[in-house]
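Novice: Structure file input08.pdb (PDB, C-alpha atoms) is given on the next line.
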MODEL        1
ATOM      1  CA  MET A 636      12.990 102.869  92.183
ATOM      2  CA  ARG A 637      15.807 100.870  93.761
ATOM      3  CA  TYR A 638      15.911  97.098  93.431
ATOM      4  CA  LYS A 639      17.446  94.756  95.958
ATOM      5  CA  PRO A 640      20.525  92.845  94.742
ATOM      6  CA  ALA A 641      18.554  89.606  94.706
ATOM      7  CA  VAL A 642      16.042  91.175  92.316
ATOM      8  CA  LEU A 643      18.797  92.456  90.021
ATOM      9  CA  PHE A 644      20.415  89.030  90.011
ATOM     10  CA  GLY A 645      17.095  87.427  89.089
ATOM     11  CA  ILE A 646      16.569  89.876  86.232
ATOM     12  CA  ALA A 647      20.045  89.146  84.879
ATOM     13  CA  LEU A 648      19.481  85.394  84.982
ATOM     14  CA  PHE A 649      16.127  85.814  83.242
ATOM     15  CA  CYS A 650      17.697  87.836  80.416
ATOM     16  CA  LEU A 651      20.461  85.294  79.912
ATOM     17  CA  SER A 652      18.070  82.343  79.919
ATOM     18  CA  ALA A 653      15.695  84.112  77.528
ATOM     19  CA  ASN A 654      18.531  84.621  75.053
ATOM     20  CA  ALA A 655      19.498  80.942  75.273
ATOM     21  CA  ALA A 656      15.881  79.877  74.746
ATOM     22  CA  ARG A 657      15.719  81.818  71.480
ATOM     23  CA  ALA A 658      18.665  79.863  70.026
ATOM     24  CA  ASP A 659      16.406  77.116  68.668
ATOM     25  CA  HIS A 660      14.509  79.627  66.524
ATOM     26  CA  ILE A 661      17.445  81.379  64.834
ATOM     27  CA  GLN A 662      17.082  81.450  61.060
ATOM     28  CA  TRP A 663      20.191  81.205  58.889
ATOM     29  CA  SER A 664      21.403  79.833  55.569
ATOM     30  CA  TYR A 665      24.533  78.113  54.325
ATOM     31  CA  SER A 666      26.358  76.904  51.234
ATOM     32  CA  TRP A 667      29.418  74.719  50.597
ATOM     33  CA  SER A 668      32.149  75.109  47.980
ATOM     34  CA  ARG A 669      35.060  72.775  47.250
ATOM     35  CA  SER A 670      38.562  73.101  45.883
ATOM     36  CA  PRO A 671      39.418  71.368  43.706
ATOM     37  CA  ASP A 672      36.214  69.876  42.319
ATOM     38  CA  GLN A 673      38.157  66.806  41.159
ATOM     39  CA  VAL A 674      41.040  65.266  43.118
ATOM     40  CA  TYR A 675      43.228  63.218  40.769
ATOM     41  CA  ALA A 676      45.223  60.119  41.643
ATOM     42  CA  ASP A 677      49.028  60.214  41.545
ATOM     43  CA  GLY A 678      50.200  60.952  37.989
ATOM     44  CA  SER A 679      46.756  60.250  36.513
ATOM     45  CA  THR A 680      44.357  62.277  34.392
ATOM     46  CA  THR A 681      41.575  59.675  34.285
ATOM     47  CA  SER A 682      41.298  58.417  37.877
ATOM     48  CA  TYR A 683      39.869  60.870  40.381
ATOM     49  CA  VAL A 684      37.419  61.591  43.176
ATOM     50  CA  ALA A 685      34.743  64.158  42.267
ATOM     51  CA  LEU A 686      33.381  66.438  45.010
ATOM     52  CA  THR A 687      30.060  68.262  44.801
ATOM     53  CA  SER A 688      29.233  71.736  46.075
ATOM     54  CA  GLU A 689      26.044  72.853  47.845
ATOM     55  CA  SER A 690      23.986  75.873  46.802
ATOM     56  CA  GLU A 691      22.473  78.114  49.474
ATOM     57  CA  VAL A 692      20.104  76.250  51.778
ATOM     58  CA  GLY A 693      17.896  77.691  54.512
ATOM     59  CA  ALA A 694      18.203  76.309  58.046
ATOM     60  CA  GLY A 695      16.988  76.997  61.570
ATOM     61  CA  GLY A 696      18.637  76.262  64.903
ATOM     62  CA  ASN A 697      20.997  73.288  65.202
ATOM     63  CA  THR A 698      21.207  70.861  62.275
ATOM     64  CA  ASP A 699      23.339  68.275  60.511
ATOM     65  CA  VAL A 700      24.728  69.228  57.101
ATOM     66  CA  VAL A 701      26.499  67.415  54.264
ATOM     67  CA  ALA A 702      29.673  69.153  53.139
ATOM     68  CA  ALA A 703      30.173  67.237  49.870
ATOM     69  CA  ASN A 704      29.110  64.101  48.050
ATOM     70  CA  LEU A 705      31.882  61.936  46.585
ATOM     71  CA  SER A 706      32.040  59.853  43.400
ATOM     72  CA  VAL A 707      34.955  57.844  42.003
ATOM     73  CA  PHE A 708      35.963  57.672  38.336
ATOM     74  CA  SER A 709      38.723  55.422  36.984
ATOM     75  CA  ASP A 710      39.756  53.311  34.012
ATOM     76  CA  ALA A 711      42.743  51.763  35.797
ATOM     77  CA  PRO A 712      42.875  47.945  35.638
ATOM     78  CA  ASP A 713      42.357  45.991  38.851
ATOM     79  CA  ALA A 714      45.904  44.623  38.572
ATOM     80  CA  ALA A 715      47.345  48.157  38.539
ATOM     81  CA  PRO A 716      45.025  50.490  40.497
ATOM     82  CA  ALA A 717      45.567  54.232  40.664
ATOM     83  CA  ASN A 718      46.976  55.521  43.952
ATOM     84  CA  PHE A 719      46.082  58.582  46.028
ATOM     85  CA  THR A 720      48.884  59.815  48.265
ATOM     86  CA  ASP A 721      48.096  62.757  50.557
ATOM     87  CA  LYS A 722      45.939  64.442  47.913
ATOM     88  CA  PRO A 723      44.619  67.687  49.469
ATOM     89  CA  TYR A 724      41.168  69.234  49.293
ATOM     90  CA  THR A 725      39.389  72.172  50.933
ATOM     91  CA  LEU A 726      35.698  72.467  51.786
ATOM     92  CA  THR A 727      34.490  75.983  52.591
ATOM     93  CA  LEU A 728      31.270  76.616  54.485
ATOM     94  CA  THR A 729      29.625  80.033  54.100
ATOM     95  CA  VAL A 730      27.044  80.919  56.740
ATOM     96  CA  THR A 731      24.618  83.855  56.527
ATOM     97  CA  ASP A 732      22.880  84.976  59.703
ATOM     98  CA  GLY A 733      19.164  85.544  59.146
ATOM     99  CA  ASP A 734      18.688  88.415  61.600
ATOM    100  CA  SER A 735      21.697  90.537  60.664
ATOM    101  CA  ASN A 736      22.268  89.257  57.097
ATOM    102  CA  VAL A 737      25.979  89.108  57.983
ATOM    103  CA  ALA A 738      27.946  86.289  56.329
ATOM    104  CA  GLY A 739      31.156  84.495  57.238
ATOM    105  CA  SER A 740      33.142  81.479  56.066
ATOM    106  CA  LEU A 741      34.980  78.523  57.588
ATOM    107  CA  ALA A 742      37.491  76.380  55.666
ATOM    108  CA  PHE A 743      37.998  72.683  56.446
ATOM    109  CA  THR A 744      40.936  70.821  54.918
ATOM    110  CA  GLY A 745      41.830  67.183  54.413
ATOM    111  CA  GLU A 746      43.647  64.641  52.259
ATOM    112  CA  PHE A 747      42.665  61.587  50.221
ATOM    113  CA  ASN A 748      44.646  58.355  50.373
ATOM    114  CA  GLY A 749      44.045  54.915  48.898
ATOM    115  CA  GLN A 750      43.486  53.165  45.580
ATOM    116  CA  VAL A 751      40.840  53.035  42.845
ATOM    117  CA  SER A 752      40.366  51.016  39.683
ATOM    118  CA  SER A 753      37.624  50.569  37.113
ATOM    119  CA  GLN A 754      35.899  48.114  39.452
ATOM    120  CA  SER A 755      37.031  49.058  42.951
ATOM    121  CA  SER A 756      37.332  51.953  45.366
ATOM    122  CA  ASN A 757      39.350  51.957  48.580
ATOM    123  CA  VAL A 758      39.725  55.598  49.488
ATOM    124  CA  SER A 759      40.153  57.093  52.954
ATOM    125  CA  ILE A 760      40.464  60.667  54.155
ATOM    126  CA  PHE A 761      42.463  62.415  56.836
ATOM    127  CA  PHE A 762      41.293  65.733  58.300
ATOM    128  CA  THR A 763      44.341  68.002  58.326
ATOM    129  CA  GLY A 764      42.825  71.149  59.823
ATOM    130  CA  GLN A 765      40.686  71.968  62.841
ATOM    131  CA  ASN A 766      37.554  69.813  62.880
ATOM    132  CA  THR A 767      35.661  72.293  65.054
ATOM    133  CA  GLN A 768      35.558  75.986  64.187
ATOM    134  CA  SER A 769      33.395  78.932  65.231
ATOM    135  CA  LEU A 770      32.394  82.360  64.003
ATOM    136  CA  THR A 771      30.181  85.135  65.344
ATOM    137  CA  LEU A 772      27.619  86.686  63.007
ATOM    138  CA  GLY A 773      25.498  89.486  64.410
ATOM    139  CA  GLN A 774      24.393  88.379  67.884
ATOM    140  CA  HIS A 775      24.800  84.663  67.161
ATOM    141  CA  LEU A 776      27.652  82.201  67.637
ATOM    142  CA  TYR A 777      27.958  79.425  65.044
ATOM    143  CA  THR A 778      30.047  76.355  65.938
ATOM    144  CA  VAL A 779      30.655  73.786  63.207
ATOM    145  CA  THR A 780      32.117  70.300  63.670
ATOM    146  CA  ILE A 781      33.006  68.185  60.647
ATOM    147  CA  ASP A 782      34.337  64.694  61.310
ATOM    148  CA  ALA A 783      32.217  62.186  59.377
ATOM    149  CA  TYR A 784      33.123  60.247  56.254
ATOM    150  CA  ALA A 785      31.216  57.724  54.147
ATOM    151  CA  PRO A 786      33.537  56.246  51.475
ATOM    152  CA  PRO A 787      32.427  56.240  47.845
ATOM    153  CA  GLY A 788      31.716  52.986  46.049
ATOM    154  CA  PRO A 789      33.424  51.818  42.840
ATOM    155  CA  PRO A 790      32.993  53.738  39.581
ATOM    156  CA  GLY A 791      29.396  53.665  38.372
ATOM    157  CA  SER A 792      27.875  53.251  41.835
ATOM    158  CA  THR A 793      24.465  54.842  42.274
ATOM    159  CA  ASN A 794      24.995  55.585  45.955
ATOM    160  CA  VAL A 795      27.771  58.095  46.512
ATOM    161  CA  GLY A 796      30.044  58.764  49.468
ATOM    162  CA  SER A 797      30.111  61.927  51.547
ATOM    163  CA  ILE A 798      32.124  64.147  53.863
ATOM    164  CA  GLY A 799      30.454  65.844  56.794
ATOM    165  CA  ALA A 800      27.294  63.764  56.947
ATOM    166  CA  HIS A 801      27.240  64.371  60.685
ATOM    167  CA  ALA A 802      28.606  67.898  60.776
ATOM    168  CA  VAL A 803      26.666  69.815  63.431
ATOM    169  CA  VAL A 804      26.001  73.544  63.346
ATOM    170  CA  ALA A 805      25.381  74.711  66.912
ATOM    171  CA  VAL A 806      23.772  78.125  67.192
ATOM    172  CA  GLN A 807      23.724  80.077  70.452
ATOM    173  CA  THR A 808      22.445  83.569  71.119
ATOM    174  CA  LEU A 809      25.094  85.769  72.692
ATOM    175  CA  PRO A 810      24.010  87.776  75.774
ATOM    176  CA  GLU A 811      22.793  91.305  75.084
ATOM    177  CA  PRO A 812      25.108  94.031  76.468
ATOM    178  CA  SER A 813      22.394  95.008  78.962
ATOM    179  CA  SER A 814      22.237  91.421  80.222
ATOM    180  CA  ILE A 815      25.991  91.304  80.705
ATOM    181  CA  PHE A 816      25.863  94.609  82.610
ATOM    182  CA  LEU A 817      23.074  93.391  84.883
ATOM    183  CA  ALA A 818      24.899  90.140  85.592
ATOM    184  CA  ALA A 819      28.131  91.993  86.342
ATOM    185  CA  MET A 820      26.341  94.364  88.721
ATOM    186  CA  ALA A 821      24.149  91.768  90.393
ATOM    187  CA  VAL A 822      26.834  89.278  91.428
ATOM    188  CA  PRO A 823      29.019  91.630  93.522
ATOM    189  CA  ALA A 824      25.892  93.330  94.850
ATOM    190  CA  GLY A 825      24.568  89.977  95.985
ATOM    191  CA  VAL A 826      27.819  89.213  97.788
ATOM    192  CA  TYR A 827      27.722  92.604  99.509
ATOM    193  CA  TRP A 828      24.090  92.108 100.543
ATOM    194  CA  ARG A 829      24.839  88.732 102.143
ATOM    195  CA  ARG A 830      27.834  90.138 104.035
ATOM    196  CA  ARG A 831      25.774  93.079 105.240
ATOM    197  CA  ARG A 832      23.061  90.792 106.568
ATOM    198  CA  ARG A 833      25.650  88.694 108.424
ATOM    199  CA  THR A 834      27.334  91.707 110.017
ATOM    200  CA  GLY A 835      24.032  93.464 110.663
TER     201      GLY A 835
ENDMDL
END
I'd like the structure from this file rewritten - as structure tokens, please.
Specialist:
Amino acid sequence: MRYKPAVLFGIALFCLSANAARADHIQWSYSWSRSPDQVYADGSTTSYVALTSESEVGAGGNTDVVAANLSVFSDAPDAAPANFTDKPYTLTLTVTDGDSNVAGSLAFTGEFNGQVSSQSSNVSIFFTGQNTQSLTLGQHLYTVTIDAYAPPGPPGSTNVGSIGAHAVVAVQTLPEPSSIFLAAMAVPAGVYWRRRRRTG
């Protein structure tokens, strides 16, 4: 049976839209690791920012994730706080695709700057790498953006700071090869059909 170009084009669009609709139901899991786990102030062994890791967590579709929680420790006096000058860290996100069980990792880097003492915390961060990164696992495209920072309070604070509180994992289903083929065939066929009708 032969289909008209318009029918082929409609089938291709349906396949592409069906794949996009399934994106919200993709199951996956993730974990975070950090290096180092403690970032020390300049020339200090007692003043530092501690970063947490995240064990594997299940997720579905698009979601916010927390890359690391932050706590400050220091015995430096207020009159002579400990300084952080371009102190580097790396947070690595490992994603496992639920359908294919294929895993991949993305590394996000940054630096700490500021001062801490036994009663104060004034620490900022600077993202040194690419804030948005992507990887393809199985038939799914994962896009991760990390650009949020909540500063930690002074030593002993109950509420901690965080990096990546608003990191978004966007999951999209890639078109099946058959869908790409149909779309590639339908578009030029549609153009030919319209030209034929005009000249006919």
Novice: Find the nearest atom pair between each residue of stretch 738-805 of chain A and stretch 684-697 of chain A for residues within 10 Å, count all atoms listed in the file, give distances in Å to one decimal, sort rows by chain and ascending number, and present the table as a tab-separated table.
Specialist:
residue	atom	partner	partner_atom	distance
A:Phe747	CA	A:Val684	CA	8.8
A:Val751	CA	A:Val684	CA	9.2
A:Ser756	CA	A:Val684	CA	9.9
A:Val758	CA	A:Val684	CA	9.0
A:Tyr777	CA	A:Asn697	CA	9.3
A:Thr778	CA	A:Asn697	CA	9.6
A:Val779	CA	A:Asn697	CA	9.9
A:Pro787	CA	A:Val684	CA	8.7
A:Pro790	CA	A:Val684	CA	9.7
A:Gly796	CA	A:Leu686	CA	9.5
A:Ser797	CA	A:Leu686	CA	8.6
A:Ile798	CA	A:Leu686	CA	9.2
A:Val803	CA	A:Asn697	CA	6.9
A:Val804	CA	A:Asn697	CA	5.3
A:Ala805	CA	A:Asn697	CA	4.9
Novice: Which of these residues is nearest to A:Asp721, using all atoms listed in the file: A:Ser682, A:Thr771, A:Ser668, A:Gln750?
Specialist: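 Ranking A:Ser682, A:Thr771, A:Ser668, A:Gln750 by distance to A:Asp721, first place goes to A:Gln750.
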Novice: Using all atoms listed in the file, which protein or nucleic acid residues come within 9 Å of A:Ser679? Drop anything in the same chain fewer than 3 positions from it, and give the result as a short mmCIF file (atom, residue, chain, number, x, y, z; two decimals) with C-alpha atoms, in the coordinates of the input.
Specialist:
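Result went into out-v8.cif, see below:
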data_model
loop_
_atom_site.label_atom_id
_atom_site.label_comp_id
_atom_site.auth_asym_id
_atom_site.auth_seq_id
_atom_site.Cartn_x
_atom_site.Cartn_y
_atom_site.Cartn_z
CA TYR A 675 43.23 63.22 40.77
CA ALA A 676 45.22 60.12 41.64
CA SER A 682 41.30 58.42 37.88
CA TYR A 683 39.87 60.87 40.38
CA ALA A 717 45.57 54.23 40.66
CA ASN A 718 46.98 55.52 43.95
#
Novice: Show which residues sit within 6 Å of A:Ser753, as a ChimeraX atom specification. Count only C-alpha atoms, and ignore same-chain residues fewer than 3 positions away.
Specialist: /A:709-711
Novice: If you keep C-alpha atoms, can you produce a file of those selected residues as a CSV table (one decimal), in the coordinates of the input?
Specialist:
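Saved file result_35.csv follows:
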chain,number,residue,atom,x,y,z
A,709,SER,CA,38.7,55.4,37.0
A,710,ASP,CA,39.8,53.3,34.0
A,711,ALA,CA,42.7,51.8,35.8
Novice: Could you tell me which of A:Ile781, A:Thr793, A:Thr731, A:Gln754 comes closest to A:Ala715 if we count only C-alpha atoms?
Specialist: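 Closest residue, counting only C-alpha atoms: A:Gln754.
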Novice: Run through the PyMOL selection byres ((chain A and resi 669) around 10) on the given coordinates and return the selected residues as a PyMOL selection string.
Specialist: chain A and resi 667-668+670-673+685-689+702-703+724-728+742-744
